[in-house]
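Data block for start-v5.txt (compact mmCIF, C-alpha atoms):
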# COMPACT_ATOMS: atom_id res chain seq x y z
CA MET A 1 -4.63 30.99 -4.97
CA LEU A 2 -2.85 28.66 -7.39
CA SER A 3 -1.14 26.91 -4.47
CA LEU A 4 -4.53 26.20 -2.87
CA LEU A 5 -5.86 24.81 -6.15
CA LEU A 6 -2.89 22.47 -6.38
CA LEU A 7 -3.16 21.52 -2.70
CA ILE A 8 -6.79 20.47 -3.09
CA PHE A 9 -5.94 18.39 -6.16
CA LEU A 10 -3.06 16.70 -4.34
CA VAL A 11 -5.30 15.93 -1.35
CA GLU A 12 -7.88 14.27 -3.61
CA LEU A 13 -5.14 12.38 -5.45
CA GLY A 14 -3.57 11.22 -2.19
CA THR A 15 -6.94 10.10 -0.82
CA HIS A 16 -7.59 8.07 -3.95
CA LEU A 17 -4.14 6.46 -3.80
CA VAL A 18 -4.60 5.54 -0.14
CA ASN A 19 -7.98 3.97 -0.85
CA THR A 20 -6.57 2.10 -3.86
CA ILE A 21 -3.37 0.81 -2.27
CA GLY A 22 -4.84 0.15 1.16
CA ALA A 23 -3.98 1.45 4.62
CA ALA A 24 -2.36 -1.80 5.79
CA THR A 25 -0.02 -1.91 2.78
CA ILE A 26 1.02 1.71 3.32
CA ASN A 27 1.61 1.10 7.03
CA ASN A 28 3.82 -1.92 6.31
CA LEU A 29 5.82 0.07 3.75
CA LEU A 30 6.33 2.96 6.19
CA TRP A 31 7.25 0.50 8.96
CA ASN A 32 9.91 -1.17 6.80
CA LEU A 33 11.32 2.24 5.90
CA TYR A 34 11.34 3.21 9.57
CA LEU A 35 13.27 0.06 10.48
CA THR A 36 16.08 1.10 8.12
CA LEU A 37 16.78 4.13 10.34
CA PRO A 38 19.30 3.84 13.20
CA THR A 39 16.70 3.84 16.00
CA GLN A 40 16.02 1.79 19.10
CA THR A 41 13.17 0.08 17.27
CA SER A 42 15.43 -1.11 14.45
CA LYS A 43 17.84 -2.52 17.05
CA GLN A 44 14.91 -4.24 18.72
CA ALA A 45 13.92 -5.79 15.38
CA GLU A 46 17.48 -7.06 14.86
CA ASP A 47 17.54 -8.57 18.36
CA LYS A 48 14.21 -10.26 17.68
CA ALA A 49 15.49 -11.78 14.42
CA THR A 50 18.68 -12.99 16.16
CA LEU A 51 16.74 -14.57 19.04
CA GLN A 52 14.34 -16.24 16.64
CA LYS A 53 17.23 -17.71 14.64
CA GLU A 54 18.92 -19.02 17.80
CA TYR A 55 15.61 -20.42 19.07
CA LEU A 56 14.97 -22.31 15.83
CA THR A 57 18.50 -23.75 15.92
CA ILE A 58 18.13 -24.97 19.52
CA ARG A 59 14.68 -26.35 18.76
CA ARG A 60 16.01 -28.31 15.79
CA ASP A 61 18.85 -29.74 17.90
CA LEU A 62 16.42 -30.57 20.69
CA ASN A 63 14.12 -32.47 18.35
CA ALA A 64 17.10 -34.38 16.98
CA THR A 65 18.30 -35.42 20.47
CA SER A 66 16.88 -38.43 22.27
CA SER A 67 15.77 -37.78 25.86
CA GLN A 68 16.54 -41.40 26.80
CA ASP A 69 19.88 -42.06 25.09
CA GLN A 70 21.34 -38.54 25.54
CA PHE A 71 19.52 -37.26 28.59
CA ALA A 72 22.26 -34.85 29.77
CA LYS A 73 22.53 -33.18 26.36
CA TRP A 74 18.75 -33.16 25.98
CA ALA A 75 18.26 -31.53 29.41
CA LYS A 76 20.82 -28.83 28.58
CA LEU A 77 19.17 -28.11 25.24
CA ARG A 78 15.78 -28.07 26.93
CA ARG A 79 16.90 -25.39 29.42
CA GLN A 80 18.35 -23.30 26.60
CA HIS A 81 15.15 -23.79 24.58
CA ASP A 82 12.89 -22.63 27.43
CA LYS A 83 15.11 -19.63 28.20
CA LEU A 84 15.25 -18.50 24.57
CA LEU A 85 11.50 -19.03 24.20
CA GLU A 86 10.83 -16.78 27.19
CA GLN A 87 13.16 -14.09 25.86
CA LEU A 88 11.65 -14.35 22.38
CA GLU A 89 8.10 -13.97 23.70
CA LYS A 90 9.07 -10.86 25.67
CA THR A 91 10.84 -9.36 22.66
CA LYS A 92 7.90 -10.16 20.37
CA SER A 93 5.46 -8.58 22.82
CA SER A 94 7.51 -5.39 23.00
CA TYR A 95 8.01 -5.37 19.22
CA GLU A 96 4.29 -5.82 18.50
CA ALA A 97 3.39 -3.06 20.98
CA THR A 98 5.79 -0.69 19.22
CA LYS A 99 4.36 -1.69 15.83
CA ALA A 100 0.79 -1.13 17.05
CA LYS A 101 1.72 2.34 18.33
CA PHE A 102 3.41 3.12 15.00
CA ASP A 103 0.32 1.99 13.05
CA SER A 104 -1.93 4.13 15.23
CA THR A 105 0.26 7.20 14.66
CA ALA A 106 0.46 6.51 10.91
CA ASN A 107 -3.32 6.11 10.69
CA THR A 108 -3.87 9.40 12.51
CA LEU A 109 -1.41 11.33 10.33
CA ARG A 110 -2.81 9.77 7.17
CA TRP A 111 -6.36 10.69 8.17
CA LEU A 112 -5.34 14.28 8.91
CA ALA A 113 -3.49 14.55 5.59
CA THR A 114 -6.38 13.18 3.53
CA THR A 115 -9.87 13.04 5.03
CA GLY A 116 -9.13 15.70 7.63
CA LEU A 117 -7.96 18.21 5.03
CA LYS A 118 -11.00 17.43 2.88
CA PHE A 119 -13.18 18.79 5.70
CA ILE A 120 -10.87 21.50 7.04
CA LEU A 121 -10.09 23.23 3.74
CA PRO A 122 -13.73 23.78 2.64
CA PHE A 123 -14.60 25.07 6.11
CA TRP A 124 -11.63 27.46 6.22
CA TYR A 125 -11.75 28.69 2.61
CA GLY A 126 -15.49 28.31 2.02
CA LYS A 127 -16.05 32.03 1.33
CA GLU A 128 -12.98 32.52 -0.88
CA PRO A 129 -13.25 32.15 -4.65
CA MET A 130 -10.89 29.62 -6.21
CA PHE A 131 -11.02 31.63 -9.43
CA TRP A 132 -13.50 33.87 -11.24
CA LEU A 133 -15.60 32.86 -14.22
CA PRO A 134 -15.60 35.04 -17.35
CA GLN A 135 -18.39 37.56 -16.94
CA GLY A 136 -21.48 36.82 -18.99
CA TRP A 137 -20.33 33.39 -20.19
CA PHE A 138 -22.59 31.36 -17.89
CA PRO A 139 -26.26 31.73 -16.94
CA TYR A 140 -27.23 32.77 -13.43
CA TYR A 141 -28.13 29.27 -12.24
CA ALA A 142 -24.76 27.87 -13.41
CA GLU A 143 -22.88 30.63 -11.58
CA TRP A 144 -24.95 29.96 -8.46
CA ILE A 145 -24.21 26.21 -8.57
CA LEU A 146 -20.48 26.71 -9.15
CA SER A 147 -20.26 29.22 -6.27
CA PHE A 148 -22.23 27.02 -3.86
CA PRO A 149 -22.26 27.06 -0.88
CA ARG A 150 -20.59 30.30 0.32
CA ALA A 151 -18.31 31.64 -2.43
CA PRO A 152 -19.16 34.94 -4.18
CA LEU A 153 -21.52 34.65 -7.13
CA GLY A 154 -19.61 34.41 -10.40
CA SER A 155 -16.73 32.47 -8.90
CA VAL A 156 -15.89 28.78 -8.41
CA SER A 157 -16.16 27.64 -4.80
CA ILE A 158 -13.80 25.22 -3.11
CA ALA A 159 -16.57 22.59 -3.00
CA SER A 160 -17.02 22.81 -6.78
CA TRP A 161 -13.26 22.64 -7.28
CA GLN A 162 -13.07 19.55 -5.05
CA THR A 163 -15.77 17.88 -7.12
CA ALA A 164 -13.90 18.70 -10.31
CA CYS A 165 -10.65 17.32 -8.87
CA ILE A 166 -12.38 14.08 -7.88
CA GLY A 167 -13.69 13.74 -11.43
CA VAL A 168 -10.24 14.32 -12.93
CA VAL A 169 -8.61 11.81 -10.57
CA MET A 170 -11.21 9.16 -11.42
CA LEU A 171 -10.77 9.87 -15.12
CA LEU A 172 -6.99 9.48 -14.81
CA ASN A 173 -7.50 6.24 -12.89
CA ASP A 174 -9.81 4.82 -15.56
CA THR A 175 -7.44 5.92 -18.34
CA ILE A 176 -4.38 4.33 -16.73
CA THR A 177 -6.33 1.14 -15.97
CA ALA A 178 -7.53 0.91 -19.57
CA ILE A 179 -4.03 1.48 -20.97
CA LEU A 180 -2.52 -1.16 -18.68
CA GLY A 181 -5.28 -3.57 -19.65
CA LEU A 182 -4.59 -3.06 -23.36
CA VAL A 183 -0.82 -3.47 -22.89
CA LEU A 184 -1.16 -6.64 -20.81
CA GLY A 185 -3.76 -8.03 -23.20
CA ALA A 186 -1.46 -7.45 -26.17
CA LYS A 187 1.41 -9.21 -24.40
CA LEU A 188 -0.80 -12.20 -23.60
CA GLU A 189 -1.93 -12.42 -27.22
CA GLN A 190 1.71 -12.44 -28.36
CA LYS A 191 2.61 -15.24 -25.93
CA GLN A 192 -0.34 -17.47 -26.81
CA PRO A 193 0.63 -18.16 -30.48
CA ALA A 194 4.23 -18.88 -29.45
CA ALA A 195 3.03 -21.29 -26.75
CA ALA A 196 0.66 -22.99 -29.21
CA GLY A 197 3.52 -23.48 -31.70
CA ALA A 198 5.75 -24.93 -29.00
CA GLU A 199 3.05 -27.40 -27.96
CA LYS A 200 2.63 -28.68 -31.52
CA GLY A 201 6.37 -29.26 -31.92
CA PRO A 202 8.13 -30.50 -35.10
CA ILE A 203 6.40 -32.93 -37.45
CA PRO A 204 7.70 -36.51 -37.00
CA LYS A 205 9.73 -37.89 -39.92
CA SER A 206 7.38 -40.86 -40.41
CA ARG A 207 4.39 -38.54 -40.76
CA GLU A 208 6.33 -36.24 -43.10
CA ALA A 209 7.28 -39.19 -45.32
CA ARG A 210 3.67 -40.44 -45.35
CA ASN A 211 2.45 -37.00 -46.42
CA LYS A 212 4.95 -36.92 -49.32
CA LYS A 213 3.89 -40.43 -50.43
CA ASP A 214 0.21 -39.50 -50.41
CA SER A 215 0.94 -36.41 -52.50

Mind turning this structure into C-alpha cells?
Amino acid sequence: MLSLLLLIFLVELGTHLVNTIGAATINNLLWNLYLTLPTQTSKQAEDKATLQKEYLTIRRDLNATSSQDQFAKWAKLRRQHDKLLEQLEKTKSSYEATKAKFDSTANTLRWLATTGLKFILPFWYGKEPMFWLPQGWFPYYAEWILSFPRAPLGSVSIASWQTACIGVVMLLNDTITAILGLVLGAKLEQKQPAAAGAEKGPIPKSREARNKKDS
C-alpha cells in the first residue's frame, strides 16, 4: 500500500504544480520539447520559419522599390510577395491546427493524470485502508472521521489521506514561498545601501577644504 500512498501524494503535488504554473505555460513547454523531435511537425515549423524569413525579406525589398521608377522590378517583387504570402498563410493555418490538436491532447492527458485520478482513486480504493491506526490511541469519533466514507473503522481512508496530502503540499508551498521571500528581501537590502553610497559619490575637494577650515 506504500506505492498507493506515494501515488496519491504525487497526484496532489502535480495538481498543485499545474495550477500554480498554469496550463498554457505547460502546453507551450511541452510543444517546444515536441518540436525538438525529428517529426513531421518539427519540419513543418522549420518550413514556416523559412517562409516567414523569405517573406519579410521580399516585403522589405518591395517597400524599398519605387513602383514608378522601377516598375519591372517592383512588379516582380510584388508577384513573389503575393506568392510567399499565400504559402505562408497556408503553412500557418496547418501549423496552428496541429498546435490546437496538440493542446487538446495535452489538456486531456493532464486532466486524466491530475483531476481524473483524484476522482478515480477514491472510487476504486474507497473501501481499502491506507494504513491502520494504533488500537486504542484515538476515540471512536476520531476513528470514524479518519475512516470516512467507506474504509474499515480504525483505519485511514483514501479521502482522509488525500486531505492530509493537500495540507502537506500547501504547507510546503507556503514554506518555500516564505524562504524565497526572505532570501530576495535580504538581497534587496544589501543592494540598497550600496546604491545609496554610489548616488552620494565622493565629497568634492572644495567642500572638503571648507569643512577643514571650519574645524

> Closest to Val168 in chain A among A:Leu13, A:Val156, A:Leu182, A:Leu33, using all atoms listed in the file?
Replying inline: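 The answer is A:Leu13, which sits nearest to Val168 in chain A.
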
> Quick one: of A:Ile166, A:Thr91, A:Thr115, A:Gly181, who's nearest to Lys43 in chain A, counting all atoms listed in the file?
Replying inline: A:Thr91

>> I'd like the interatomic distance between CA of Leu121 in chain A and CA of Ile158 in chain A, to a tenth of an Å.
In response: 8.0 Å

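All residues of protein, DNA or RNA that reach within 10 Å of range 46-48 of chain A, judged by all atoms listed in the file and not counting those fewer than 5 positions away in the chain, are A:Leu35, A:Gln40, A:Thr41, A:Lys53, A:Glu54, A:Gln87, A:Leu88, A:Glu89, A:Lys90, A:Thr91, A:Lys92, A:Ser94, A:Tyr95.
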
> Could you state the separation of CA of Trp132 in chain A and CA of Ala164 in chain A in Å, given to one decimal place?
Replying inline: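 One can read the CA of Trp132 in chain A to CA of Ala164 in chain A distance as 15.2 Å.
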
> In Å to one decimal, how far is CA of Leu172 in chain A from CA of Tyr141 in chain A?
Replying inline: 29.1 Å

> Which residues come within 8 Å of Leu77 in chain A, counting all atoms listed in the file, excluding same-chain residues fewer than 6 positions away, as a list in words?
Replying inline: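 The residues satisfying every condition are Ile58, Asp61 and Leu62 of chain A.
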
>> Using all atoms listed in the file, can you tell me which of A:Gln190, A:Gln44, A:Asn32, A:Ser157 comes closest to Lys127 in chain A?
In response: A:Ser157

>> Give me the residues near Gly14 in chain A as a list in words, where near means some atom within 10 Å (using only C-alpha atoms) and where sequence neighbours in that chain fewer than 6 positions away do not count.
In response: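 The residues that qualify are Ile8, Thr20, Arg110, Ala113, Thr114, Thr115 and Val169 of chain A.
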
> For Leu7 in chain A, which of A:Ala100, A:Leu180, A:Cys165, A:Ile21 is the closest residue, counting all atoms listed in the file?
Replying inline: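 Closest candidate: A:Cys165.
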
> Phe138 in chain A: which residues within 12 Å, counting all atoms listed in the file, same-chain residues fewer than 4 positions away excluded, as a VMD selection string?
Replying inline: chain A and resid 132 to 134 142 to 146 153 to 156

> Residues at most 9 Å from Trp31 in chain A, counting all atoms listed in the file, excluding those fewer than 5 positions away in the same chain, as a PyMOL selection string?
Replying inline: chain A and resi 26+36+99+102-103

>> So, with all atoms listed in the file as the atoms that count, which of A:Ala159, A:Tyr34, A:Gln192, A:Met130 lies closest to Leu5 in chain A?
In response: A:Met130

> For Gly22 in chain A, which of A:Asn107, A:Thr177, A:Thr57, A:Ser67 is the closest residue, counting all atoms listed in the file?
Replying inline: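 Checking each candidate against Gly22 in chain A, we get A:Asn107 as the closest.
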
Would you save range 158-185 of chain A to a file, keeping N, CA and C atoms, as a PDB file, in the first residue's frame?
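So the final result, stored in result-v6.pdb, reads:
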ATOM      1  N   ILE A 158      -8.805   6.658   2.048  1.00  0.00           N
ATOM      2  CA  ILE A 158      -8.098   7.372   0.986  1.00  0.00           C
ATOM      3  C   ILE A 158      -8.511   8.842   0.949  1.00  0.00           C
ATOM      4  N   ALA A 159      -9.772   9.135   1.310  1.00  0.00           N
ATOM      5  CA  ALA A 159     -10.214  10.530   1.346  1.00  0.00           C
ATOM      6  C   ALA A 159      -9.466  11.318   2.425  1.00  0.00           C
ATOM      7  N   SER A 160      -9.286  10.695   3.588  1.00  0.00           N
ATOM      8  CA  SER A 160      -8.539  11.362   4.662  1.00  0.00           C
ATOM      9  C   SER A 160      -7.078  11.544   4.272  1.00  0.00           C
ATOM     10  N   TRP A 161      -6.519  10.538   3.605  1.00  0.00           N
ATOM     11  CA  TRP A 161      -5.125  10.640   3.170  1.00  0.00           C
ATOM     12  C   TRP A 161      -4.967  11.725   2.113  1.00  0.00           C
ATOM     13  N   GLN A 162      -5.928  11.859   1.215  1.00  0.00           N
ATOM     14  CA  GLN A 162      -5.893  12.939   0.224  1.00  0.00           C
ATOM     15  C   GLN A 162      -5.920  14.306   0.913  1.00  0.00           C
ATOM     16  N   THR A 163      -6.775  14.452   1.892  1.00  0.00           N
ATOM     17  CA  THR A 163      -6.853  15.716   2.625  1.00  0.00           C
ATOM     18  C   THR A 163      -5.540  16.030   3.314  1.00  0.00           C
ATOM     19  N   ALA A 164      -4.918  15.011   3.898  1.00  0.00           N
ATOM     20  CA  ALA A 164      -3.626  15.222   4.556  1.00  0.00           C
ATOM     21  C   ALA A 164      -2.551  15.606   3.540  1.00  0.00           C
ATOM     22  N   CYS A 165      -2.561  14.979   2.377  1.00  0.00           N
ATOM     23  CA  CYS A 165      -1.576  15.304   1.335  1.00  0.00           C
ATOM     24  C   CYS A 165      -1.749  16.740   0.844  1.00  0.00           C
ATOM     25  N   ILE A 166      -2.999  17.160   0.684  1.00  0.00           N
ATOM     26  CA  ILE A 166      -3.257  18.548   0.262  1.00  0.00           C
ATOM     27  C   ILE A 166      -2.695  19.515   1.298  1.00  0.00           C
ATOM     28  N   GLY A 167      -2.903  19.210   2.585  1.00  0.00           N
ATOM     29  CA  GLY A 167      -2.370  20.073   3.634  1.00  0.00           C
ATOM     30  C   GLY A 167      -0.855  20.140   3.619  1.00  0.00           C
ATOM     31  N   VAL A 168      -0.204  18.993   3.393  1.00  0.00           N
ATOM     32  CA  VAL A 168       1.261  18.971   3.350  1.00  0.00           C
ATOM     33  C   VAL A 168       1.781  19.755   2.145  1.00  0.00           C
ATOM     34  N   VAL A 169       1.137  19.596   0.998  1.00  0.00           N
ATOM     35  CA  VAL A 169       1.560  20.319  -0.207  1.00  0.00           C
ATOM     36  C   VAL A 169       1.416  21.826  -0.005  1.00  0.00           C
ATOM     37  N   MET A 170       0.316  22.250   0.584  1.00  0.00           N
ATOM     38  CA  MET A 170       0.116  23.679   0.830  1.00  0.00           C
ATOM     39  C   MET A 170       1.132  24.200   1.839  1.00  0.00           C
ATOM     40  N   LEU A 171       1.442  23.388   2.847  1.00  0.00           N
ATOM     41  CA  LEU A 171       2.447  23.793   3.828  1.00  0.00           C
ATOM     42  C   LEU A 171       3.818  23.934   3.181  1.00  0.00           C
ATOM     43  N   LEU A 172       4.177  22.991   2.312  1.00  0.00           N
ATOM     44  CA  LEU A 172       5.450  23.088   1.595  1.00  0.00           C
ATOM     45  C   LEU A 172       5.472  24.321   0.700  1.00  0.00           C
ATOM     46  N   ASN A 173       4.357  24.595   0.049  1.00  0.00           N
ATOM     47  CA  ASN A 173       4.280  25.781  -0.817  1.00  0.00           C
ATOM     48  C   ASN A 173       4.485  27.061  -0.012  1.00  0.00           C
ATOM     49  N   ASP A 174       3.814  27.166   1.127  1.00  0.00           N
ATOM     50  CA  ASP A 174       3.959  28.365   1.957  1.00  0.00           C
ATOM     51  C   ASP A 174       5.370  28.485   2.513  1.00  0.00           C
ATOM     52  N   THR A 175       5.975  27.355   2.869  1.00  0.00           N
ATOM     53  CA  THR A 175       7.342  27.383   3.411  1.00  0.00           C
ATOM     54  C   THR A 175       8.334  27.846   2.355  1.00  0.00           C
ATOM     55  N   ILE A 176       8.245  27.279   1.154  1.00  0.00           N
ATOM     56  CA  ILE A 176       9.159  27.665   0.078  1.00  0.00           C
ATOM     57  C   ILE A 176       8.963  29.129  -0.304  1.00  0.00           C
ATOM     58  N   THR A 177       7.706  29.570  -0.349  1.00  0.00           N
ATOM     59  CA  THR A 177       7.424  30.973  -0.680  1.00  0.00           C
ATOM     60  C   THR A 177       8.013  31.908   0.364  1.00  0.00           C
ATOM     61  N   ALA A 178       7.871  31.535   1.646  1.00  0.00           N
ATOM     62  CA  ALA A 178       8.419  32.378   2.713  1.00  0.00           C
ATOM     63  C   ALA A 178       9.944  32.429   2.658  1.00  0.00           C
ATOM     64  N   ILE A 179      10.579  31.288   2.399  1.00  0.00           N
ATOM     65  CA  ILE A 179      12.045  31.256   2.315  1.00  0.00           C
ATOM     66  C   ILE A 179      12.540  32.102   1.151  1.00  0.00           C
ATOM     67  N   LEU A 180      11.899  31.957  -0.012  1.00  0.00           N
ATOM     68  CA  LEU A 180      12.292  32.765  -1.163  1.00  0.00           C
ATOM     69  C   LEU A 180      12.087  34.253  -0.899  1.00  0.00           C
ATOM     70  N   GLY A 181      10.994  34.587  -0.204  1.00  0.00           N
ATOM     71  CA  GLY A 181      10.754  35.986   0.125  1.00  0.00           C
ATOM     72  C   GLY A 181      11.824  36.553   1.042  1.00  0.00           C
ATOM     73  N   LEU A 182      12.260  35.758   2.034  1.00  0.00           N
ATOM     74  CA  LEU A 182      13.314  36.215   2.938  1.00  0.00           C
ATOM     75  C   LEU A 182      14.643  36.382   2.196  1.00  0.00           C
ATOM     76  N   VAL A 183      14.963  35.420   1.317  1.00  0.00           N
ATOM     77  CA  VAL A 183      16.227  35.494   0.579  1.00  0.00           C
ATOM     78  C   VAL A 183      16.247  36.700  -0.349  1.00  0.00           C
ATOM     79  N   LEU A 184      15.170  36.897  -1.099  1.00  0.00           N
ATOM     80  CA  LEU A 184      15.108  38.038  -2.014  1.00  0.00           C
ATOM     81  C   LEU A 184      15.094  39.357  -1.254  1.00  0.00           C
ATOM     82  N   GLY A 185      14.401  39.384  -0.116  1.00  0.00           N
ATOM     83  CA  GLY A 185      14.387  40.601   0.691  1.00  0.00           C
ATOM     84  C   GLY A 185      15.764  40.948   1.228  1.00  0.00           C
TER      85      GLY A 185
END
